[in-house]
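Printed here is run_17.csv (CSV, N, CA and C atoms):
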```csv
chain,number,residue,atom,x,y,z
H,1,MET,N,-8.1,7.9,-3.4
H,1,MET,CA,-8.1,8.4,-4.7
H,1,MET,C,-6.7,8.2,-5.3
H,2,PRO,N,-6.6,7.4,-6.3
H,2,PRO,CA,-5.3,7.2,-6.9
H,2,PRO,C,-4.6,8.4,-7.4
H,3,ILE,N,-3.3,8.5,-7.3
H,3,ILE,CA,-2.6,9.6,-7.9
H,3,ILE,C,-1.8,9.1,-9.1
H,4,ASN,N,-1.4,9.9,-9.9
H,4,ASN,CA,-0.8,9.5,-11.2
H,4,ASN,C,0.7,9.4,-11.2
H,5,LYS,N,1.3,8.9,-10.2
H,5,LYS,CA,2.7,8.7,-10.1
H,5,LYS,C,3.1,7.3,-10.7
H,6,LYS,N,4.1,7.3,-11.6
H,6,LYS,CA,4.4,6.1,-12.2
H,6,LYS,C,5.3,5.2,-11.3
H,7,ILE,N,5.1,3.9,-11.4
H,7,ILE,CA,5.9,2.9,-10.7
H,7,ILE,C,6.8,2.3,-11.7
H,8,LYS,N,8.1,2.3,-11.4
H,8,LYS,CA,9.1,1.7,-12.3
H,8,LYS,C,8.8,0.3,-12.6
H,9,ASN,N,8.8,-0.1,-13.9
H,9,ASN,CA,8.6,-1.4,-14.4
H,9,ASN,C,7.2,-1.9,-14.2
H,10,ALA,N,6.2,-1.0,-14.0
H,10,ALA,CA,4.8,-1.4,-13.8
H,10,ALA,C,4.0,-0.9,-15.0
H,11,THR,N,2.9,-1.7,-15.2
H,11,THR,CA,2.0,-1.3,-16.3
H,11,THR,C,0.6,-0.9,-15.6
H,12,PRO,N,0.3,0.4,-15.8
H,12,PRO,CA,-1.0,0.8,-15.2
H,12,PRO,C,-2.1,-0.1,-15.8
H,13,THR,N,-3.1,-0.5,-15.0
H,13,THR,CA,-4.2,-1.4,-15.4
H,13,THR,C,-5.5,-0.9,-14.8
H,14,THR,N,-6.5,-0.9,-15.6
H,14,THR,CA,-7.9,-0.5,-15.1
H,14,THR,C,-8.6,-1.8,-14.8
H,15,TYR,N,-9.2,-1.9,-13.6
H,15,TYR,CA,-10.1,-3.0,-13.3
H,15,TYR,C,-11.2,-2.5,-12.5
H,16,ASN,N,-12.5,-2.9,-12.9
H,16,ASN,CA,-13.7,-2.5,-12.1
H,16,ASN,C,-13.8,-1.0,-12.0
H,17,GLY,N,-13.3,-0.3,-13.0
H,17,GLY,CA,-13.5,1.2,-13.0
H,17,GLY,C,-12.4,1.9,-12.2
H,18,ILE,N,-11.4,1.2,-11.7
H,18,ILE,CA,-10.4,1.8,-10.9
H,18,ILE,C,-9.1,1.7,-11.7
H,19,LYS,N,-8.3,2.8,-11.8
H,19,LYS,CA,-7.0,2.8,-12.4
H,19,LYS,C,-6.0,2.4,-11.4
H,20,PHE,N,-5.4,1.2,-11.5
H,20,PHE,CA,-4.4,0.8,-10.6
H,20,PHE,C,-3.0,1.1,-11.3
H,21,ARG,N,-2.0,1.3,-10.4
H,21,ARG,CA,-0.7,1.6,-10.9
H,21,ARG,C,0.0,0.4,-11.5
H,22,SER,N,-0.4,-0.8,-11.2
H,22,SER,CA,0.3,-2.0,-11.8
H,22,SER,C,-0.7,-3.1,-12.0
H,23,LYS,N,-0.3,-4.1,-12.8
H,23,LYS,CA,-1.1,-5.2,-13.1
H,23,LYS,C,-1.3,-6.0,-11.8
H,24,LEU,N,-0.2,-6.1,-11.0
H,24,LEU,CA,-0.3,-6.8,-9.7
H,24,LEU,C,-1.3,-6.2,-8.7
H,25,GLU,N,-1.3,-4.9,-8.7
H,25,GLU,CA,-2.3,-4.3,-7.8
H,25,GLU,C,-3.8,-4.7,-8.3
H,26,ALA,N,-4.0,-4.7,-9.6
H,26,ALA,CA,-5.3,-5.1,-10.1
H,26,ALA,C,-5.6,-6.5,-9.8
H,27,GLU,N,-4.6,-7.4,-9.9
H,27,GLU,CA,-4.8,-8.8,-9.5
H,27,GLU,C,-5.1,-9.0,-8.1
H,28,VAL,N,-4.5,-8.2,-7.2
H,28,VAL,CA,-4.8,-8.3,-5.8
H,28,VAL,C,-6.3,-7.8,-5.5
H,29,ALA,N,-6.7,-6.7,-6.2
H,29,ALA,CA,-8.1,-6.3,-6.1
H,29,ALA,C,-9.0,-7.4,-6.6
H,30,LYS,N,-8.7,-8.1,-7.6
H,30,LYS,CA,-9.5,-9.2,-8.1
H,30,LYS,C,-9.6,-10.3,-7.0
H,31,VAL,N,-8.5,-10.6,-6.3
H,31,VAL,CA,-8.5,-11.5,-5.2
H,31,VAL,C,-9.5,-11.1,-4.1
H,32,PHE,N,-9.4,-9.8,-3.7
H,32,PHE,CA,-10.3,-9.3,-2.7
H,32,PHE,C,-11.7,-9.4,-3.1
H,33,ASP,N,-12.0,-9.1,-4.4
H,33,ASP,CA,-13.4,-9.2,-4.9
H,33,ASP,C,-13.9,-10.7,-4.8
H,34,ALA,N,-13.0,-11.6,-5.3
H,34,ALA,CA,-13.4,-13.0,-5.3
H,34,ALA,C,-13.6,-13.6,-3.9
H,35,GLU,N,-12.9,-13.0,-3.0
H,35,GLU,CA,-13.0,-13.5,-1.6
H,35,GLU,C,-14.1,-12.7,-0.8
H,36,GLY,N,-14.7,-11.7,-1.5
H,36,GLY,CA,-15.8,-10.9,-0.8
H,36,GLY,C,-15.2,-10.0,0.2
H,37,VAL,N,-14.0,-9.5,0.0
H,37,VAL,CA,-13.4,-8.6,0.9
H,37,VAL,C,-13.5,-7.1,0.3
H,38,ALA,N,-14.1,-6.3,1.1
H,38,ALA,CA,-14.2,-4.9,0.6
H,38,ALA,C,-12.9,-4.2,0.8
H,39,TYR,N,-12.5,-3.3,-0.1
H,39,TYR,CA,-11.2,-2.7,0.0
H,39,TYR,C,-11.3,-1.2,-0.4
H,40,GLN,N,-10.4,-0.4,0.1
H,40,GLN,CA,-10.2,0.9,-0.4
H,40,GLN,C,-8.8,1.0,-1.0
H,41,TYR,N,-8.8,1.6,-2.2
H,41,TYR,CA,-7.5,1.7,-2.9
H,41,TYR,C,-6.9,3.1,-2.7
H,42,GLU,N,-5.7,3.1,-2.3
H,42,GLU,CA,-5.0,4.4,-2.0
H,42,GLU,C,-5.9,5.4,-1.3
H,43,PRO,N,-6.4,5.0,-0.1
H,43,PRO,CA,-7.4,5.9,0.6
H,43,PRO,C,-6.9,7.1,1.2
H,44,PHE,N,-5.6,7.2,1.5
H,44,PHE,CA,-5.0,8.4,2.2
H,44,PHE,C,-3.5,8.5,1.9
H,45,LYS,N,-3.0,9.6,2.2
H,45,LYS,CA,-1.5,9.8,2.1
H,45,LYS,C,-1.0,10.4,3.4
H,46,VAL,N,0.1,10.0,3.8
H,46,VAL,CA,0.7,10.6,5.0
H,46,VAL,C,2.1,11.1,4.7
H,47,ASP,N,2.6,12.1,5.4
H,47,ASP,CA,3.9,12.6,5.3
H,47,ASP,C,4.8,11.8,6.3
H,48,LEU,N,5.7,11.0,5.8
H,48,LEU,CA,6.6,10.3,6.7
H,48,LEU,C,7.7,11.3,7.2
H,49,VAL,N,8.2,12.1,6.3
H,49,VAL,CA,9.1,13.2,6.6
H,49,VAL,C,8.6,14.4,5.9
H,50,PRO,N,8.2,15.5,6.7
H,50,PRO,CA,7.6,16.7,6.1
H,50,PRO,C,8.7,17.4,5.3
H,51,SER,N,8.2,18.3,4.3
H,51,SER,CA,9.2,19.1,3.6
H,51,SER,C,9.9,20.0,4.5
H,52,PHE,N,11.1,20.5,4.1
H,52,PHE,CA,11.8,21.4,4.9
H,52,PHE,C,12.8,22.2,4.0
H,53,LYS,N,13.4,23.2,4.6
H,53,LYS,CA,14.4,24.0,3.9
H,53,LYS,C,15.7,23.7,4.4
H,54,TYR,N,16.7,23.6,3.4
H,54,TYR,CA,18.1,23.4,3.8
H,54,TYR,C,18.9,24.2,2.9
H,55,LEU,N,19.7,25.2,3.5
H,55,LEU,CA,20.5,26.1,2.7
H,55,LEU,C,19.7,26.8,1.6
H,56,GLY,N,18.5,27.2,2.0
H,56,GLY,CA,17.6,27.9,1.0
H,56,GLY,C,16.9,27.0,0.0
H,57,GLU,N,17.2,25.8,0.0
H,57,GLU,CA,16.5,24.9,-0.9
H,57,GLU,C,15.4,24.1,-0.2
H,58,THR,N,14.3,24.0,-0.9
H,58,THR,CA,13.2,23.3,-0.3
H,58,THR,C,13.3,21.8,-0.6
H,59,ILE,N,13.4,21.0,0.4
H,59,ILE,CA,13.5,19.5,0.2
H,59,ILE,C,12.0,19.0,0.4
H,60,ARG,N,11.6,18.3,-0.7
H,60,ARG,CA,10.2,17.9,-0.7
H,60,ARG,C,10.0,16.8,0.4
H,61,SER,N,8.7,16.7,0.8
H,61,SER,CA,8.3,15.7,1.8
H,61,SER,C,8.5,14.3,1.2
H,62,TRP,N,8.6,13.3,2.1
H,62,TRP,CA,8.6,11.9,1.7
H,62,TRP,C,7.3,11.3,2.2
H,63,THR,N,6.5,10.9,1.3
H,63,THR,CA,5.1,10.5,1.6
H,63,THR,C,4.9,9.0,1.4
H,64,TYR,N,3.8,8.6,1.9
H,64,TYR,CA,3.4,7.2,1.8
H,64,TYR,C,1.9,7.1,1.6
H,65,THR,N,1.5,6.4,0.5
H,65,THR,CA,0.1,6.1,0.2
H,65,THR,C,-0.1,4.6,0.2
H,66,PRO,N,-0.9,4.1,1.2
H,66,PRO,CA,-1.1,2.6,1.2
H,66,PRO,C,-1.8,2.2,-0.1
H,67,ASP,N,-1.4,1.0,-0.6
H,67,ASP,CA,-2.1,0.5,-1.8
H,67,ASP,C,-3.6,0.2,-1.4
H,68,PHE,N,-3.8,-0.6,-0.4
H,68,PHE,CA,-5.1,-1.1,0.0
H,68,PHE,C,-5.3,-1.0,1.5
H,69,VAL,N,-6.5,-0.7,1.9
H,69,VAL,CA,-6.9,-0.9,3.3
H,69,VAL,C,-8.1,-1.8,3.3
H,70,ILE,N,-8.0,-2.9,4.0
H,70,ILE,CA,-9.1,-3.9,4.1
H,70,ILE,C,-9.5,-4.0,5.6
H,71,PHE,N,-10.7,-4.5,5.8
H,71,PHE,CA,-11.2,-4.7,7.2
H,71,PHE,C,-11.0,-3.5,8.1
H,72,ASN,N,-11.0,-2.3,7.4
H,72,ASN,CA,-10.9,-1.0,8.1
H,72,ASN,C,-9.6,-0.7,8.8
H,73,ASN,N,-8.8,-1.8,9.1
H,73,ASN,CA,-7.5,-1.5,9.8
H,73,ASN,C,-6.3,-2.3,9.4
H,74,ILE,N,-6.4,-2.8,8.2
H,74,ILE,CA,-5.3,-3.6,7.7
H,74,ILE,C,-4.8,-3.0,6.4
H,75,ILE,N,-3.5,-2.6,6.4
H,75,ILE,CA,-2.9,-2.1,5.2
H,75,ILE,C,-2.3,-3.2,4.4
H,76,VAL,N,-2.5,-3.3,3.1
H,76,VAL,CA,-1.9,-4.3,2.3
H,76,VAL,C,-1.1,-3.5,1.2
H,77,GLU,N,0.2,-3.7,1.3
H,77,GLU,CA,1.1,-3.0,0.4
H,77,GLU,C,1.5,-4.1,-0.7
H,78,VAL,N,1.3,-3.7,-1.9
H,78,VAL,CA,1.6,-4.7,-3.0
H,78,VAL,C,3.0,-4.3,-3.6
H,79,LYS,N,3.9,-5.2,-3.6
H,79,LYS,CA,5.3,-4.9,-4.1
H,79,LYS,C,5.7,-5.9,-5.1
H,80,GLY,N,6.0,-5.5,-6.3
H,80,GLY,CA,6.5,-6.4,-7.3
H,80,GLY,C,8.0,-6.5,-7.2
H,81,TYR,N,8.7,-5.7,-8.0
H,81,TYR,CA,10.2,-5.8,-7.9
H,81,TYR,C,10.7,-5.0,-6.7
H,82,ALA,N,11.7,-5.6,-6.1
H,82,ALA,CA,12.3,-4.9,-4.9
H,82,ALA,C,13.2,-3.8,-5.4
H,83,ASN,N,13.3,-2.7,-4.6
H,83,ASN,CA,14.3,-1.7,-4.9
H,83,ASN,C,15.1,-1.3,-3.6
H,84,ASP,N,16.1,-0.6,-3.8
H,84,ASP,CA,17.0,-0.3,-2.6
H,84,ASP,C,16.3,0.6,-1.6
H,85,ALA,N,15.4,1.4,-2.0
H,85,ALA,CA,14.8,2.4,-1.0
H,85,ALA,C,13.7,1.7,-0.2
H,86,TRP,N,13.0,0.6,-0.7
H,86,TRP,CA,11.9,0.1,0.0
H,86,TRP,C,12.1,-0.4,1.4
H,87,PRO,N,13.2,-1.1,1.8
H,87,PRO,CA,13.4,-1.5,3.2
H,87,PRO,C,13.4,-0.3,4.1
H,88,LEU,N,14.1,0.8,3.8
H,88,LEU,CA,14.1,2.0,4.6
H,88,LEU,C,12.7,2.6,4.7
H,89,LYS,N,12.0,2.7,3.6
H,89,LYS,CA,10.7,3.3,3.6
H,89,LYS,C,9.7,2.5,4.4
H,90,LYS,N,9.8,1.2,4.3
H,90,LYS,CA,9.0,0.3,5.1
H,90,LYS,C,9.2,0.5,6.6
H,91,LYS,N,10.5,0.7,7.0
H,91,LYS,CA,10.8,0.9,8.4
H,91,LYS,C,10.1,2.3,8.8
H,92,MET,N,10.2,3.3,8.0
H,92,MET,CA,9.6,4.6,8.3
H,92,MET,C,8.1,4.5,8.4
H,93,ILE,N,7.5,3.7,7.5
H,93,ILE,CA,6.0,3.5,7.6
H,93,ILE,C,5.6,2.8,8.9
H,94,LEU,N,6.3,1.7,9.3
H,94,LEU,CA,6.0,1.0,10.5
H,94,LEU,C,6.2,1.9,11.7
H,95,LYS,N,7.3,2.7,11.7
H,95,LYS,CA,7.6,3.6,12.8
H,95,LYS,C,6.5,4.7,12.9
H,96,HIS,N,6.0,5.2,11.8
H,96,HIS,CA,4.9,6.2,11.7
H,96,HIS,C,3.7,5.6,12.3
H,97,ILE,N,3.4,4.3,12.0
H,97,ILE,CA,2.2,3.7,12.5
H,97,ILE,C,2.3,3.6,14.1
H,98,VAL,N,3.4,3.2,14.6
H,98,VAL,CA,3.6,3.1,16.0
H,98,VAL,C,3.6,4.5,16.7
H,99,ASP,N,4.4,5.4,16.1
H,99,ASP,CA,4.5,6.8,16.7
H,99,ASP,C,3.1,7.5,16.8
H,100,GLU,N,2.3,7.3,15.8
H,100,GLU,CA,1.0,8.0,15.7
H,100,GLU,C,-0.1,7.2,16.5
H,101,GLY,N,0.2,6.0,16.9
H,101,GLY,CA,-0.7,5.2,17.7
H,101,GLY,C,-1.8,4.7,16.8
H,102,TYR,N,-1.6,4.5,15.5
H,102,TYR,CA,-2.6,4.0,14.6
H,102,TYR,C,-2.8,2.5,15.0
H,103,LYS,N,-4.0,2.0,14.7
H,103,LYS,CA,-4.4,0.6,15.0
H,103,LYS,C,-4.3,-0.2,13.7
H,104,PHE,N,-3.5,0.2,12.8
H,104,PHE,CA,-3.3,-0.5,11.5
H,104,PHE,C,-2.4,-1.7,11.7
H,105,GLU,N,-2.7,-2.8,11.0
H,105,GLU,CA,-1.7,-3.9,10.8
H,105,GLU,C,-1.2,-3.7,9.4
H,106,PHE,N,0.0,-4.0,9.2
H,106,PHE,CA,0.7,-3.8,7.9
H,106,PHE,C,1.1,-5.1,7.3
H,107,TYR,N,0.7,-5.4,6.1
H,107,TYR,CA,1.2,-6.6,5.4
H,107,TYR,C,1.7,-6.3,4.0
H,108,GLU,N,2.6,-7.0,3.5
H,108,GLU,CA,3.2,-6.8,2.2
H,108,GLU,C,3.0,-8.1,1.4
H,109,VAL,N,2.5,-8.0,0.2
H,109,VAL,CA,2.3,-9.1,-0.7
H,109,VAL,C,3.0,-8.8,-2.0
H,110,ARG,N,3.6,-9.9,-2.5
H,110,ARG,CA,4.4,-9.8,-3.7
H,110,ARG,C,3.8,-10.6,-4.9
H,111,SER,N,2.7,-11.3,-4.6
H,111,SER,CA,2.1,-12.1,-5.7
H,111,SER,C,0.6,-12.3,-5.4
H,112,LYS,N,-0.1,-12.8,-6.4
H,112,LYS,CA,-1.6,-13.1,-6.2
H,112,LYS,C,-1.7,-14.2,-5.2
H,113,THR,N,-0.8,-15.2,-5.2
H,113,THR,CA,-0.9,-16.3,-4.2
H,113,THR,C,-0.7,-15.8,-2.8
H,114,GLN,N,0.2,-14.9,-2.6
H,114,GLN,CA,0.4,-14.3,-1.3
H,114,GLN,C,-0.8,-13.6,-0.8
H,115,ALA,N,-1.5,-12.9,-1.7
H,115,ALA,CA,-2.7,-12.1,-1.4
H,115,ALA,C,-3.8,-13.1,-1.0
H,116,ILE,N,-3.9,-14.2,-1.7
H,116,ILE,CA,-4.9,-15.3,-1.4
H,116,ILE,C,-4.6,-15.8,0.0
H,117,ASN,N,-3.4,-16.2,0.3
H,117,ASN,CA,-3.0,-16.7,1.6
H,117,ASN,C,-3.2,-15.8,2.7
H,118,LEU,N,-3.0,-14.5,2.5
H,118,LEU,CA,-3.2,-13.5,3.5
H,118,LEU,C,-4.7,-13.4,3.9
H,119,ILE,N,-5.5,-13.4,2.9
H,119,ILE,CA,-7.0,-13.3,3.1
H,119,ILE,C,-7.4,-14.5,3.9
H,120,LYS,N,-7.0,-15.7,3.5
H,120,LYS,CA,-7.3,-16.9,4.2
H,120,LYS,C,-6.9,-16.8,5.7
H,121,LYS,N,-5.7,-16.4,5.9
H,121,LYS,CA,-5.2,-16.2,7.3
H,121,LYS,C,-6.0,-15.2,8.1
H,122,LEU,N,-6.3,-14.1,7.5
H,122,LEU,CA,-7.1,-13.1,8.2
H,122,LEU,C,-8.5,-13.5,8.5
H,123,LYS,N,-9.1,-14.2,7.5
H,123,LYS,CA,-10.5,-14.7,7.8
H,123,LYS,C,-10.5,-15.8,8.9
H,124,LYS,N,-9.4,-16.6,8.9
H,124,LYS,CA,-9.3,-17.7,9.9
H,124,LYS,C,-9.2,-17.0,11.3
H,125,GLU,N,-8.3,-16.0,11.4
H,125,GLU,CA,-8.1,-15.3,12.7
H,125,GLU,C,-9.4,-14.6,13.1
H,126,GLU,N,-10.3,-14.2,12.2
H,126,GLU,CA,-11.5,-13.5,12.5
H,126,GLU,C,-12.5,-14.4,13.1
H,127,GLN,N,-12.4,-15.7,12.9
H,127,GLN,CA,-13.4,-16.6,13.4
H,127,GLN,C,-13.2,-16.9,14.9
```

Before we go any further, please render this structure as structure tokens.
Amino acid sequence: MPINKKIKNATPTTYNGIKFRSKLEAEVAKVFDAEGVAYQYEPFKVDLVPSFKYLGETIRSWTYTPDFVIFNNIIVEVKGYANDAWPLKKKMILKHIVDEGYKFEFYEVRSKTQAINLIKKLKKEEQ
């Protein structure tokens, strides 16, 4: 279930009745549909760092919501513009996957073409 947090420099876009946070996410969903790949959009949220108190101040949690889950165990994160925080957050996400023993594979796509190539690669590996 999508949440209403704004992504910097992104234009929210509705496609197939789903409100995506960016045009690129909607384009990736169109790729999945064209390739016959079922997907879940923002299916869950995890705490990478839980909230805590420091000197009486509550520090909010640092969460992660995957953009898409396909084939039940593949996370596809759609990234447009790079930002300084993403490399650290990506490491935290991957560490969380390992530490929790999740069977997810994690992929990052930055364009429609990369999404198409990822699906081709995954379908080829499936055979």

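Non-sequential neighbours of Ser22 (chain H) (distance at most 6.5 Å, separation of 4 or more positions within a chain, all atoms listed in the file) are H:Ala10, H:Thr11, H:Pro12, H:Thr13, H:Ala26, H:Glu27.
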
Those of chain H in DSSP strand (DSSP E or B), formatted as a ChimeraX atom specification: /H:13-15,18-20,39-41,46-49,52-54,57-59,62-64,68-70,74-78,105-109

Contact table region 43-85 of chain H vs region 109-123 of chain H, cut-off 7 Å, shortest pair per residue, only C-alpha atoms, as a Markdown table:
```
| residue | atom | partner | partner_atom | distance |
| --- | --- | --- | --- | --- |
| H:Glu77 | CA | H:Val109 | CA | 6.3 |
| H:Val78 | CA | H:Val109 | CA | 5.0 |
| H:Lys79 | CA | H:Arg110 | CA | 5.0 |
| H:Gly80 | CA | H:Arg110 | CA | 5.4 |
```

What does the structure give for the distance between atom N of Thr65 (chain H) and atom N of Gln127 (chain H), in Å to one decimal? 28.9 Å

At what distance in Å, to one decimal, does atom C of Phe71 (chain H) lie from CA of Asn16 (chain H)? 20.4 Å

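Look at Pro66 (chain H): the protein and nucleic acid residues within 6.5 Å of it, using all atoms listed in the file and passing over chain neighbours fewer than 4 places away, are Tyr41, Glu42, Pro43, Phe44, Lys45, Ile75, Val76 and Glu77 of chain H.
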
Residues near Ala38 (chain H), cut-off 8 Å, all atoms listed in the file, skip fewer than 3 positions along chain, as a list in words: Phe32, Asp33, Glu35, Tyr41, Val69, Ile70, Phe71 and Asn72 of chain H

Going by DSSP on the backbone, which residues of chain H come out as helix (DSSP H, G or I)? List them as a PyMOL selection string. chain H and resi 23-34+86-100+112-126

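You will find CA of Lys124 (chain H) at 23.3 Å from CA of Glu25 (chain H).
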
Residues within 6 Å of region 92-106 of chain H, please, as a tab-separated table (two decimals) with N, CA and C atoms, keeping the file's coordinate frame. Count only C-alpha atoms; anything in the same chain fewer than 3 positions from it doesn't count.
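Output (result-v5.tsv):
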```
chain	number	residue	atom	x	y	z
H	73	ASN	N	-8.80	-1.80	9.10
H	73	ASN	CA	-7.50	-1.50	9.80
H	73	ASN	C	-6.30	-2.30	9.40
H	74	ILE	N	-6.40	-2.80	8.20
H	74	ILE	CA	-5.30	-3.60	7.70
H	74	ILE	C	-4.80	-3.00	6.40
H	75	ILE	N	-3.50	-2.60	6.40
H	75	ILE	CA	-2.90	-2.10	5.20
H	75	ILE	C	-2.30	-3.20	4.40
H	89	LYS	N	12.00	2.70	3.60
H	89	LYS	CA	10.70	3.30	3.60
H	89	LYS	C	9.70	2.50	4.40
```

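Restricting the calculation to only N, CA and C atoms, the smallest distance between Asp67 (chain H) and any of H:Thr14, H:Gln40, H:Val31, H:Glu125 is found for H:Gln40.
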
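Residue nearest Phe68 (chain H) within the list H:Tyr81, H:Glu126, H:Lys91, H:Tyr39: H:Tyr39 [criterion: smallest interatomic distance, all atoms listed in the file].
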